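Participant: coords-v4.cif (mmCIF, C-alpha atoms) pasted underneath:
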data_coords
#
loop_
_atom_site.label_atom_id
_atom_site.label_comp_id
_atom_site.auth_asym_id
_atom_site.auth_seq_id
_atom_site.Cartn_x
_atom_site.Cartn_y
_atom_site.Cartn_z
CA MET A 1 -21.67 24.40 -17.67
CA PRO A 2 -20.19 26.48 -14.82
CA ARG A 3 -17.59 24.52 -12.90
CA ALA A 4 -19.50 24.62 -9.61
CA ASP A 5 -22.59 23.16 -11.28
CA LEU A 6 -20.56 20.37 -12.82
CA LEU A 7 -18.97 19.61 -9.45
CA LEU A 8 -22.38 19.51 -7.79
CA GLU A 9 -23.74 17.10 -10.42
CA LEU A 10 -20.88 14.73 -9.76
CA ALA A 11 -20.94 15.17 -6.00
CA ASP A 12 -24.72 14.74 -5.73
CA ASP A 13 -24.58 11.57 -7.84
CA GLU A 14 -21.86 10.11 -5.65
CA LEU A 15 -23.48 11.13 -2.37
CA VAL A 16 -26.95 9.86 -3.23
CA LEU A 17 -25.72 6.61 -4.79
CA GLY A 18 -23.37 6.11 -1.86
CA TRP A 19 -26.33 6.46 0.45
CA ARG A 20 -28.45 4.08 -1.61
CA ASN A 21 -25.68 1.49 -1.77
CA SER A 22 -25.18 1.76 1.97
CA GLU A 23 -28.78 0.64 2.42
CA TRP A 24 -27.48 -2.86 1.66
CA THR A 25 -25.26 -2.84 4.73
CA GLY A 26 -26.34 -5.77 6.87
CA VAL A 27 -28.74 -7.23 4.29
CA ALA A 28 -26.63 -7.92 1.19
CA PRO A 29 -26.93 -11.45 -0.27
CA PHE A 30 -23.93 -12.74 1.73
CA LEU A 31 -21.52 -11.45 4.32
CA GLU A 32 -18.52 -10.92 2.07
CA GLU A 33 -20.59 -8.93 -0.39
CA ASP A 34 -22.08 -6.95 2.44
CA VAL A 35 -18.63 -5.72 3.42
CA ALA A 36 -17.51 -5.09 -0.16
CA PHE A 37 -20.63 -3.19 -1.17
CA SER A 38 -20.60 -1.12 2.01
CA SER A 39 -17.02 -0.23 1.30
CA ILE A 40 -17.92 0.92 -2.21
CA ALA A 41 -20.68 3.03 -0.68
CA GLN A 42 -18.15 4.63 1.66
CA ASN A 43 -15.81 5.38 -1.23
CA GLU A 44 -18.61 7.11 -3.15
CA ILE A 45 -19.40 9.31 -0.19
CA GLY A 46 -15.70 10.08 0.14
CA HIS A 47 -15.62 11.18 -3.50
CA ALA A 48 -18.70 13.31 -2.91
CA ARG A 49 -16.97 15.01 -0.01
CA ALA A 50 -13.88 15.87 -2.03
CA LEU A 51 -16.04 17.24 -4.87
CA TYR A 52 -18.21 19.28 -2.47
CA GLU A 53 -15.08 20.74 -0.91
CA LEU A 54 -13.87 21.92 -4.27
CA ALA A 55 -17.29 23.39 -5.08
CA ALA A 56 -17.56 24.95 -1.61
CA THR A 57 -14.31 26.89 -2.02
CA GLU A 58 -15.66 28.36 -5.21
CA LEU A 59 -19.12 29.12 -3.81
CA GLY A 60 -17.89 30.44 -0.47
CA THR A 61 -19.64 27.81 1.61
CA THR A 62 -18.78 24.43 3.16
CA ALA A 63 -19.02 20.84 1.98
CA ASP A 64 -21.52 20.02 4.75
CA GLU A 65 -23.79 22.87 3.76
CA LEU A 66 -23.75 21.76 0.15
CA ALA A 67 -24.31 18.13 1.01
CA LEU A 68 -26.98 18.55 3.65
CA ASP A 69 -28.60 21.98 3.66
CA ARG A 70 -30.01 22.41 0.16
CA ARG A 71 -33.64 22.00 -0.82
CA PRO A 72 -34.48 18.78 -2.71
CA ASP A 73 -35.00 20.67 -5.98
CA GLU A 74 -31.50 22.15 -5.68
CA TYR A 75 -29.82 18.76 -5.91
CA ARG A 76 -28.43 18.01 -9.35
CA CYS A 77 -28.21 14.21 -9.17
CA ALA A 78 -29.50 11.97 -11.93
CA PRO A 79 -32.75 10.07 -11.26
CA LEU A 80 -30.86 6.75 -11.63
CA VAL A 81 -29.06 7.16 -8.32
CA GLU A 82 -32.18 8.13 -6.40
CA LEU A 83 -34.10 4.88 -6.67
CA ARG A 84 -34.55 3.25 -3.32
CA ARG A 85 -33.00 -0.09 -2.53
CA LEU A 86 -33.74 -2.25 -5.49
CA GLU A 87 -33.58 -6.03 -5.44
CA TRP A 88 -30.13 -7.42 -6.08
CA ALA A 89 -30.23 -7.80 -9.90
CA ARG A 90 -31.44 -4.20 -10.23
CA THR A 91 -28.84 -3.05 -7.74
CA ILE A 92 -26.13 -4.72 -9.80
CA ALA A 93 -27.61 -3.35 -13.04
CA ARG A 94 -27.60 0.18 -11.62
CA HIS A 95 -24.12 -0.29 -10.17
CA TYR A 96 -22.77 -1.47 -13.52
CA LEU A 97 -24.56 1.21 -15.55
CA TYR A 98 -23.55 4.00 -13.20
CA GLU A 99 -19.92 2.96 -12.82
CA THR A 100 -19.34 2.53 -16.55
CA ALA A 101 -21.03 5.87 -17.32
CA ASP A 102 -19.06 7.53 -14.54
CA ALA A 103 -15.83 6.20 -16.09
CA PHE A 104 -16.55 8.16 -19.28
CA ARG A 105 -17.24 11.30 -17.32
CA ILE A 106 -14.18 10.97 -15.09
CA ALA A 107 -11.92 10.21 -18.07
CA GLU A 108 -13.07 13.43 -19.69
CA LEU A 109 -12.36 15.38 -16.49
CA THR A 110 -8.83 13.99 -16.15
CA ARG A 111 -8.14 15.65 -19.52
CA SER A 112 -9.52 18.98 -18.29
CA ALA A 113 -7.35 22.08 -18.53
CA ASP A 114 -8.43 22.85 -14.97
CA ALA A 115 -5.56 21.26 -13.06
CA GLU A 116 -7.43 21.07 -9.77
CA LEU A 117 -10.37 19.29 -11.35
CA ALA A 118 -8.17 17.00 -13.44
CA GLY A 119 -6.14 16.09 -10.35
CA LEU A 120 -9.18 15.22 -8.28
CA ALA A 121 -10.66 13.23 -11.17
CA ALA A 122 -7.46 11.19 -11.45
CA LYS A 123 -7.53 10.51 -7.72
CA ILE A 124 -11.16 9.40 -7.84
CA GLU A 125 -10.48 7.22 -10.86
CA ARG A 126 -7.86 5.22 -8.94
CA GLU A 127 -10.66 3.99 -6.65
CA GLU A 128 -13.32 3.75 -9.32
CA VAL A 129 -11.24 1.13 -11.14
CA TYR A 130 -12.10 -1.29 -8.31
CA HIS A 131 -15.77 -0.36 -8.38
CA ARG A 132 -15.86 -1.22 -12.06
CA MET A 133 -14.03 -4.50 -11.44
CA HIS A 134 -16.65 -5.32 -8.84
CA ALA A 135 -19.53 -4.40 -11.14
CA GLU A 136 -17.99 -6.33 -14.04
CA MET A 137 -17.57 -9.51 -12.07
CA TRP A 138 -21.17 -9.37 -10.89
CA VAL A 139 -22.41 -8.86 -14.43
CA GLY A 140 -20.33 -11.88 -15.43
CA ARG A 141 -21.73 -13.90 -12.59
CA LEU A 142 -25.35 -13.04 -13.42
CA GLN A 143 -24.75 -13.76 -17.07
CA ALA A 144 -23.32 -17.17 -16.24
CA THR A 145 -26.79 -18.64 -15.66
CA ALA A 146 -29.99 -18.35 -17.67
CA GLU A 147 -31.91 -17.01 -14.69
CA GLY A 148 -29.25 -14.48 -13.82
CA ALA A 149 -28.96 -13.30 -17.42
CA ALA A 150 -32.74 -12.87 -17.72
CA ARG A 151 -32.92 -10.94 -14.46
CA LEU A 152 -30.04 -8.69 -15.40
CA ARG A 153 -31.55 -7.96 -18.80
CA GLU A 154 -34.94 -7.15 -17.30
CA ALA A 155 -33.27 -4.85 -14.78
CA VAL A 156 -31.17 -3.05 -17.41
CA GLU A 157 -34.20 -2.56 -19.64
CA GLU A 158 -36.18 -1.12 -16.76
CA LEU A 159 -33.41 1.23 -15.63
CA TRP A 160 -32.24 2.22 -19.09
CA PRO A 161 -34.08 5.59 -19.45
CA ALA A 162 -32.70 6.69 -16.08
CA ALA A 163 -29.23 5.35 -16.90
CA LEU A 164 -29.15 7.44 -20.09
CA GLY A 165 -29.64 10.53 -17.96
CA VAL A 166 -26.30 10.18 -16.15
CA LEU A 167 -24.17 11.44 -19.04
CA ASP A 168 -24.59 14.49 -21.22
CA GLU A 169 -25.43 13.98 -24.87
CA GLU A 170 -21.84 14.26 -25.96
CA LEU A 171 -20.60 11.28 -23.94
CA ARG A 172 -23.76 9.20 -24.20
CA PRO A 173 -23.19 7.47 -27.59
CA GLY A 174 -19.73 6.12 -26.75
CA TRP A 175 -20.91 4.73 -23.47
CA THR A 176 -24.10 3.25 -24.96
CA GLU A 177 -22.04 1.41 -27.55
CA GLU A 178 -19.68 0.00 -24.95
CA VAL A 179 -22.51 -1.16 -22.69
CA GLY A 180 -24.43 -2.69 -25.59
CA GLU A 181 -21.39 -4.68 -26.64
CA ARG A 182 -20.68 -5.89 -23.15
CA LEU A 183 -24.24 -6.89 -22.31
CA GLY A 184 -24.90 -8.51 -25.66
CA PHE A 185 -28.55 -7.57 -26.07
CA PRO A 186 -30.16 -4.57 -27.78
CA LEU A 187 -30.73 -1.65 -25.45
CA PRO A 188 -34.16 -0.01 -25.57
CA SER A 189 -34.58 3.03 -27.82
CA VAL A 190 -36.22 5.32 -25.34
CA PRO A 191 -35.82 8.98 -24.41
CA ALA A 192 -33.51 9.62 -21.48
CA LEU A 193 -34.85 10.48 -18.08
CA GLU A 194 -32.80 13.66 -17.88
CA ARG A 195 -31.14 15.21 -14.90
CA GLY A 196 -33.02 18.12 -13.38
CA ARG A 197 -36.22 16.36 -12.45
CA HIS A 198 -36.34 14.20 -9.37
CA THR A 199 -38.15 11.07 -8.36
CA GLY A 200 -40.29 11.19 -5.23
CA GLU A 201 -37.70 8.98 -3.60
CA LEU A 202 -35.10 11.72 -3.34
CA GLU A 203 -37.10 13.75 -0.87
CA GLU A 204 -37.55 10.76 1.39
CA LEU A 205 -33.83 10.01 1.20
CA LEU A 206 -32.86 13.59 2.06
CA GLU A 207 -35.26 13.58 4.97
CA GLU A 208 -33.46 10.59 6.43
CA MET A 209 -29.95 11.65 5.44
CA THR A 210 -30.21 15.13 6.95
CA ALA A 211 -31.92 14.09 10.21
CA VAL A 212 -28.77 14.39 12.33
CA ARG A 213 -27.79 17.63 10.65
CA ARG A 214 -31.19 19.16 11.36
CA SER A 215 -31.20 17.94 14.96
CA ALA A 216 -27.84 19.62 15.60
CA PRO A 217 -27.50 22.54 13.18
CA ALA A 218 -24.46 23.86 15.01
CA GLY A 219 -22.69 20.60 14.28
CA ALA A 220 -22.64 17.28 16.09
CA SER A 221 -19.49 15.80 17.54
CA TRP A 222 -19.02 12.11 18.17
CA MET B 1 -15.39 -21.77 -2.16
CA ILE B 2 -13.32 -20.78 0.84
CA TYR B 3 -10.17 -18.74 0.32
CA GLU B 4 -7.36 -18.31 2.81
CA VAL B 5 -5.62 -14.96 2.83
CA PHE B 6 -2.04 -14.25 3.86
CA ARG B 7 -0.95 -10.73 4.47
CA GLN B 8 2.42 -9.01 4.39
CA GLU B 9 2.53 -6.00 6.62
CA ARG B 10 5.81 -4.51 5.44
CA LYS B 11 8.06 -5.25 2.52
CA GLY B 12 10.52 -8.01 3.37
CA GLN B 13 8.46 -9.44 6.21
CA ALA B 14 7.04 -12.94 6.18
CA PHE B 15 3.43 -13.39 5.09
CA GLN B 16 1.09 -14.25 7.92
CA HIS B 17 -2.32 -15.83 7.86
CA ALA B 18 -4.91 -13.02 7.96
CA GLY B 19 -8.20 -14.88 7.75
CA SER B 20 -10.54 -16.55 5.33
CA PHE B 21 -13.78 -15.89 3.46
CA HIS B 22 -16.26 -17.38 1.01
CA ALA B 23 -16.11 -16.18 -2.58
CA PRO B 24 -17.74 -17.56 -5.73
CA GLY B 25 -14.53 -17.38 -7.76
CA ARG B 26 -11.07 -15.92 -8.16
CA ASP B 27 -12.20 -12.46 -9.27
CA PHE B 28 -14.55 -12.17 -6.29
CA ALA B 29 -11.81 -13.46 -4.00
CA GLU B 30 -9.44 -10.77 -5.22
CA THR B 31 -11.99 -8.04 -4.68
CA TYR B 32 -12.97 -9.26 -1.25
CA ALA B 33 -9.34 -9.68 -0.17
CA ARG B 34 -8.64 -6.08 -1.15
CA GLU B 35 -11.66 -4.90 0.81
CA PHE B 36 -11.03 -6.99 3.91
CA TYR B 37 -7.26 -6.88 4.25
CA GLY B 38 -6.03 -4.05 2.07
CA ARG B 39 -8.12 -0.93 2.26
CA ARG B 40 -6.78 0.40 5.55
CA ALA B 41 -3.17 0.35 4.37
CA GLU B 42 -2.62 -2.60 6.71
CA SER B 43 -0.94 -4.73 4.04
CA VAL B 44 1.62 -4.19 1.31
CA ALA B 45 0.86 -7.53 -0.35
CA LEU B 46 -1.66 -10.36 -0.10
CA TRP B 47 -1.61 -14.02 -1.06
CA ILE B 48 -5.01 -15.52 -1.78
CA VAL B 49 -5.23 -19.30 -1.85
CA PRO B 50 -8.24 -21.58 -2.30
CA ARG B 51 -8.45 -23.61 0.89
CA ASP B 52 -8.64 -26.82 -1.14
CA ASP B 53 -5.20 -26.06 -2.57
CA VAL B 54 -3.64 -25.87 0.87
CA VAL B 55 -1.85 -29.12 1.73
CA ALA B 56 -2.42 -29.61 5.43
CA ILE B 57 -0.49 -32.02 7.63
CA GLU B 58 -1.58 -32.64 11.18
CA ASP B 59 -0.19 -36.07 12.08
CA PHE B 60 3.35 -36.17 13.36
CA ALA B 61 4.58 -39.55 14.60
CA ASP B 62 7.08 -39.72 17.46
CA GLU B 63 6.51 -43.26 18.69
CA LEU B 64 10.00 -43.81 20.12
CA GLY B 65 10.17 -40.57 22.06
CA ARG B 66 13.24 -39.27 20.26
CA THR B 67 13.43 -36.08 22.21
CA TYR B 68 16.77 -35.19 20.63
CA HIS B 69 14.82 -34.36 17.45
CA ARG B 70 12.92 -31.74 19.29
CA VAL B 71 13.98 -28.22 19.94
CA ASP B 72 13.39 -28.78 23.64
CA GLY B 73 15.38 -32.06 23.54
CA TYR B 74 18.38 -30.78 25.40
CA SER B 75 19.55 -27.61 26.96
CA LEU B 76 21.53 -25.67 24.43
CA LYS B 77 22.45 -23.09 27.00
CA GLY B 78 24.39 -25.54 29.16
CA LYS B 79 26.16 -27.10 26.20
CA LEU B 80 27.10 -23.73 24.86
CA ARG B 81 28.59 -22.73 28.21
CA GLU B 82 30.66 -25.90 28.39
CA ALA B 83 31.90 -25.44 24.85
CA ARG B 84 32.96 -21.90 25.62
CA GLU B 85 34.80 -23.03 28.74
CA ARG B 86 36.64 -25.68 26.72
CA ALA B 87 37.63 -23.07 24.20
CA GLY B 88 38.79 -20.90 27.05
CA ASN B 89 36.74 -17.88 26.24
CA ALA B 90 33.95 -18.21 28.79
#
Would you kindly transcribe this structure into structure tokens?

Facilitator:
Amino acid sequence: MPRADLLLELADDELVLGWRNSEWTGVAPFLEEDVAFSSIAQNEIGHARALYELAATELGTTADELALDRRPDEYRCAPLVELRRLEWARTIARHYLYETADAFRIAELTRSADAELAGLAAKIEREEVYHRMHAEMWVGRLQATAEGAARLREAVEELWPAALGVLDEELRPGWTEEVGERLGFPLPSVPALERGRHTGELEELLEEMTAVRRSAPAGASW
Amino acid sequence: MIYEVFRQERKGQAFQHAGSFHAPGRDFAETYAREFYGRRAESVALWIVPRDDVVAIEDFADELGRTYHRVDGYSLKGKLREARERAGNA
């Protein structure tokens, strides 16, 4: 895959998931979690920005143009990150599935011969460690009760086809094995909902996300 | 459970109370403490303590008015001046 395309996949995932996670700001299950989850959302958007900047240099454009001015079908994000605010168990399931899959992808990039890419991946990973800690502890907390465990399982089963679509086929088996072991129940044998097609929810998200940009194309200052 | 957080701003400085929050357990408390008191580079170290583990004392008896136990019991300044005069190096 050309480097710019790879960067856009990563950046679009982080931007769209960051946006989705930020939809919990003010309405998360309790105040402390509200702050923590919002902060994770901010980190994801920060990662997206750094990745867009790298892609922009290569494509002769700017991070803002890449993030906000493309048509919906030009975004390369996985369907998993597009789903609109899910209830909490599904949010945690997506968070856990995305963060663990992302770890595989980032680990691979840190080993890249491309020093710029490897360097950025290492930087991103230093923050992602805390996202995974957060996701892990929530999985543990849900699994601690029968109701929580049942809800988590239902959520994972529902999201599984979309979750499979985050990684390419090379990295998928290793990640699937790790997740299966951690969750302790058999994961559905279903085809992946691959990257490249979008859910209807992406368009709606982009409409909202780019509203300021479209209202002030020359750039808004605050 | 409520956790109390103490924050050290710079290496070598004393820890100061930063605030408190609810968390369902130690791992959550650690994550929340990082988010609330650590992500803006405002701390170099944090102490996180369950409030129940804090031994609090609020009753201090001074029935006989022993003001000499208190830091405001007598004027140190005056005594210091007299001592210096006695020593001849005022």

Participant: Restrict the calculation to all atoms listed in the file, then for each residue of chain A with any atom at most 10 Å from an atom of chain B give the closest atom pair and their distance in Å to one decimal, rows by chain and rising residue number, as CSV.

Facilitator:
residue,atom,partner,partner_atom,distance
A:Phe30,CA,B:His22,CA,9.0
A:Leu31,CA,B:His22,CA,8.6
A:Glu32,CA,B:Tyr32,CA,6.7
A:Glu33,CA,B:Tyr32,CA,7.7
A:Val35,CA,B:Glu35,CA,7.5
A:Ala36,CA,B:Glu35,CA,5.9
A:Phe37,CA,B:Glu35,CA,9.3
A:Ser38,CA,B:Glu35,CA,9.8
A:Ser39,CA,B:Glu35,CA,7.1
A:Ile40,CA,B:Glu35,CA,9.1
A:Tyr130,CA,B:Thr31,CA,7.7
A:His131,CA,B:Thr31,CA,9.3
A:Met133,CA,B:Thr31,CA,7.9
A:His134,CA,B:Thr31,CA,6.8
A:Glu136,CA,B:Asp27,CA,9.7
A:Met137,CA,B:Asp27,CA,6.7
A:Trp138,CA,B:Phe28,CA,8.5
A:Arg141,CA,B:Pro24,CA,8.7

Participant: How far is it from CA of Gly148 (chain A) to CA of Ala89 (chain A), in Å with one decimal?

Facilitator: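 Those two atoms sit 7.8 Å apart.
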
Participant: Take the PyMOL selection byres ((chain B and resi 50-66) around 8), apply it to the structure above, and return the hits as a short mmCIF file (atom, residue, chain, number, x, y, z; two decimals) with C-alpha atoms, in the coordinates of the input.

Facilitator:
data_model
loop_
_atom_site.label_atom_id
_atom_site.label_comp_id
_atom_site.auth_asym_id
_atom_site.auth_seq_id
_atom_site.Cartn_x
_atom_site.Cartn_y
_atom_site.Cartn_z
CA MET B 1 -15.39 -21.77 -2.16
CA ILE B 2 -13.32 -20.78 0.84
CA TYR B 3 -10.17 -18.74 0.32
CA GLU B 4 -7.36 -18.31 2.81
CA ILE B 48 -5.01 -15.52 -1.78
CA VAL B 49 -5.23 -19.30 -1.85
CA THR B 67 13.43 -36.08 22.21
CA TYR B 68 16.77 -35.19 20.63
CA HIS B 69 14.82 -34.36 17.45
CA ARG B 70 12.92 -31.74 19.29
#

Participant: Quote the spacing between CA of Gly196 (chain A) and CA of Leu86 (chain A) in Å to one decimal place.

Facilitator: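 Pair CA of Gly196 (chain A) / CA of Leu86 (chain A) returns 21.9 Å.
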
Participant: So what does the PyMOL selection byres ((chain A and resi 64) around 10) actually pick up in this one, as a list in words?

Facilitator: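 On the file shown, the PyMOL selection byres ((chain A and resi 64) around 10) covers Arg49, Tyr52, Glu53, Ala56, Thr61, Thr62, Ala63, Glu65, Leu66, Ala67, Leu68, Asp69, Arg70, Arg213 and Gly219 of chain A.
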
Participant: Could you save those same residues with C-alpha atoms as a PDB file, keeping the file's coordinate frame?

Facilitator:
ATOM      1  CA  ARG A  49     -16.970  15.010  -0.010  1.00  0.00           C
ATOM      2  CA  TYR A  52     -18.210  19.280  -2.470  1.00  0.00           C
ATOM      3  CA  GLU A  53     -15.080  20.740  -0.910  1.00  0.00           C
ATOM      4  CA  ALA A  56     -17.560  24.950  -1.610  1.00  0.00           C
ATOM      5  CA  THR A  61     -19.640  27.810   1.610  1.00  0.00           C
ATOM      6  CA  THR A  62     -18.780  24.430   3.160  1.00  0.00           C
ATOM      7  CA  ALA A  63     -19.020  20.840   1.980  1.00  0.00           C
ATOM      8  CA  GLU A  65     -23.790  22.870   3.760  1.00  0.00           C
ATOM      9  CA  LEU A  66     -23.750  21.760   0.150  1.00  0.00           C
ATOM     10  CA  ALA A  67     -24.310  18.130   1.010  1.00  0.00           C
ATOM     11  CA  LEU A  68     -26.980  18.550   3.650  1.00  0.00           C
ATOM     12  CA  ASP A  69     -28.600  21.980   3.660  1.00  0.00           C
ATOM     13  CA  ARG A  70     -30.010  22.410   0.160  1.00  0.00           C
ATOM     14  CA  ARG A 213     -27.790  17.630  10.650  1.00  0.00           C
ATOM     15  CA  GLY A 219     -22.690  20.600  14.280  1.00  0.00           C
TER      16      GLY A 219
END

Participant: Can you measure CA of Thr176 (chain A) to CA of Ser189 (chain A) for me? One decimal in Å is fine.

Facilitator: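 CA of Thr176 (chain A) sits 10.9 Å away from CA of Ser189 (chain A).
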
Participant: Could you expand the PyMOL selection byres ((chain A and resi 90-97) around 9) into the explicit residues it covers here, written as a PyMOL selection string?

Facilitator: chain A and resi 17+21+80-81+85-89+98-102+131-132+134-136+138-139+151-156+158-160+163-164+179

Participant: Any chance you could export the current selection's C-alpha atoms as a PDB file, in the coordinates of the input?

Facilitator:
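Saved result, out32.pdb, follows:
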ATOM      1  CA  LEU A  17     -25.720   6.610  -4.790  1.00  0.00           C
ATOM      2  CA  ASN A  21     -25.680   1.490  -1.770  1.00  0.00           C
ATOM      3  CA  LEU A  80     -30.860   6.750 -11.630  1.00  0.00           C
ATOM      4  CA  VAL A  81     -29.060   7.160  -8.320  1.00  0.00           C
ATOM      5  CA  ARG A  85     -33.000  -0.090  -2.530  1.00  0.00           C
ATOM      6  CA  LEU A  86     -33.740  -2.250  -5.490  1.00  0.00           C
ATOM      7  CA  GLU A  87     -33.580  -6.030  -5.440  1.00  0.00           C
ATOM      8  CA  TRP A  88     -30.130  -7.420  -6.080  1.00  0.00           C
ATOM      9  CA  ALA A  89     -30.230  -7.800  -9.900  1.00  0.00           C
ATOM     10  CA  TYR A  98     -23.550   4.000 -13.200  1.00  0.00           C
ATOM     11  CA  GLU A  99     -19.920   2.960 -12.820  1.00  0.00           C
ATOM     12  CA  THR A 100     -19.340   2.530 -16.550  1.00  0.00           C
ATOM     13  CA  ALA A 101     -21.030   5.870 -17.320  1.00  0.00           C
ATOM     14  CA  ASP A 102     -19.060   7.530 -14.540  1.00  0.00           C
ATOM     15  CA  HIS A 131     -15.770  -0.360  -8.380  1.00  0.00           C
ATOM     16  CA  ARG A 132     -15.860  -1.220 -12.060  1.00  0.00           C
ATOM     17  CA  HIS A 134     -16.650  -5.320  -8.840  1.00  0.00           C
ATOM     18  CA  ALA A 135     -19.530  -4.400 -11.140  1.00  0.00           C
ATOM     19  CA  GLU A 136     -17.990  -6.330 -14.040  1.00  0.00           C
ATOM     20  CA  TRP A 138     -21.170  -9.370 -10.890  1.00  0.00           C
ATOM     21  CA  VAL A 139     -22.410  -8.860 -14.430  1.00  0.00           C
ATOM     22  CA  ARG A 151     -32.920 -10.940 -14.460  1.00  0.00           C
ATOM     23  CA  LEU A 152     -30.040  -8.690 -15.400  1.00  0.00           C
ATOM     24  CA  ARG A 153     -31.550  -7.960 -18.800  1.00  0.00           C
ATOM     25  CA  GLU A 154     -34.940  -7.150 -17.300  1.00  0.00           C
ATOM     26  CA  ALA A 155     -33.270  -4.850 -14.780  1.00  0.00           C
ATOM     27  CA  VAL A 156     -31.170  -3.050 -17.410  1.00  0.00           C
ATOM     28  CA  GLU A 158     -36.180  -1.120 -16.760  1.00  0.00           C
ATOM     29  CA  LEU A 159     -33.410   1.230 -15.630  1.00  0.00           C
ATOM     30  CA  TRP A 160     -32.240   2.220 -19.090  1.00  0.00           C
ATOM     31  CA  ALA A 163     -29.230   5.350 -16.900  1.00  0.00           C
ATOM     32  CA  LEU A 164     -29.150   7.440 -20.090  1.00  0.00           C
ATOM     33  CA  VAL A 179     -22.510  -1.160 -22.690  1.00  0.00           C
TER      34      VAL A 179
END

Participant: Enclose region 49-67 of chain A, meaning all of its atoms listed in the file, in a box aligned along x, y and z, pad it by 8 Å on each side, and list the centre and edge lengths in Å to one decimal, as JSON.

Facilitator:
{"center_x": -19.1, "center_y": 22.7, "center_z": -0.2, "size_x": 26.4, "size_y": 31.4, "size_z": 26.0}

Participant: Mind checking which residues fall within 7 Å of Glu9 (chain B), counting only C-alpha atoms, ignoring those fewer than 6 positions away in the same chain, and posting them as a VMD selection string?

Facilitator: chain B and resid 42 to 44

Participant: Given all atoms listed in the file as the basis, pick out the residue of A:Glu116, A:Glu108, A:Glu207, A:Asp5 nearest to Arg76 (chain A).

Facilitator: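 Comparing A:Glu116, A:Glu108, A:Glu207, A:Asp5 against Arg76 (chain A), the winner is A:Asp5.
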
Participant: Select, from A:Leu15, A:Leu167, A:Ala107, A:Ala149, the residue with the minimum atom-to-atom distance to Glu82 (chain A), counting all atoms listed in the file.

Facilitator: A:Leu15

Participant: Check the smallest atom-to-atom distance from each of A:Ala220, A:Gln143, A:Arg105, A:Glu204 to Trp175 (chain A) using only C-alpha atoms, then report the winner.

Facilitator: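 Ranking A:Ala220, A:Gln143, A:Arg105, A:Glu204 by distance to Trp175 (chain A), first place goes to A:Arg105.
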
Participant: Name the residues in contact with Glu9 (chain A) at a cut-off of 6 Å, using only C-alpha atoms, excluding same-chain residues fewer than 2 positions from it; report them as a list in words.

Facilitator: Leu6, Leu7, Ala11, Asp12, Arg76 and Cys77 of chain A

Participant: Just checking: using all atoms listed in the file, which residue out of A:Pro186, A:Pro161, A:Gly174, A:Gly140 ends up closest to Ala103 (chain A)?

Facilitator: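 So, comparing all the options, the nearest one is A:Gly174.
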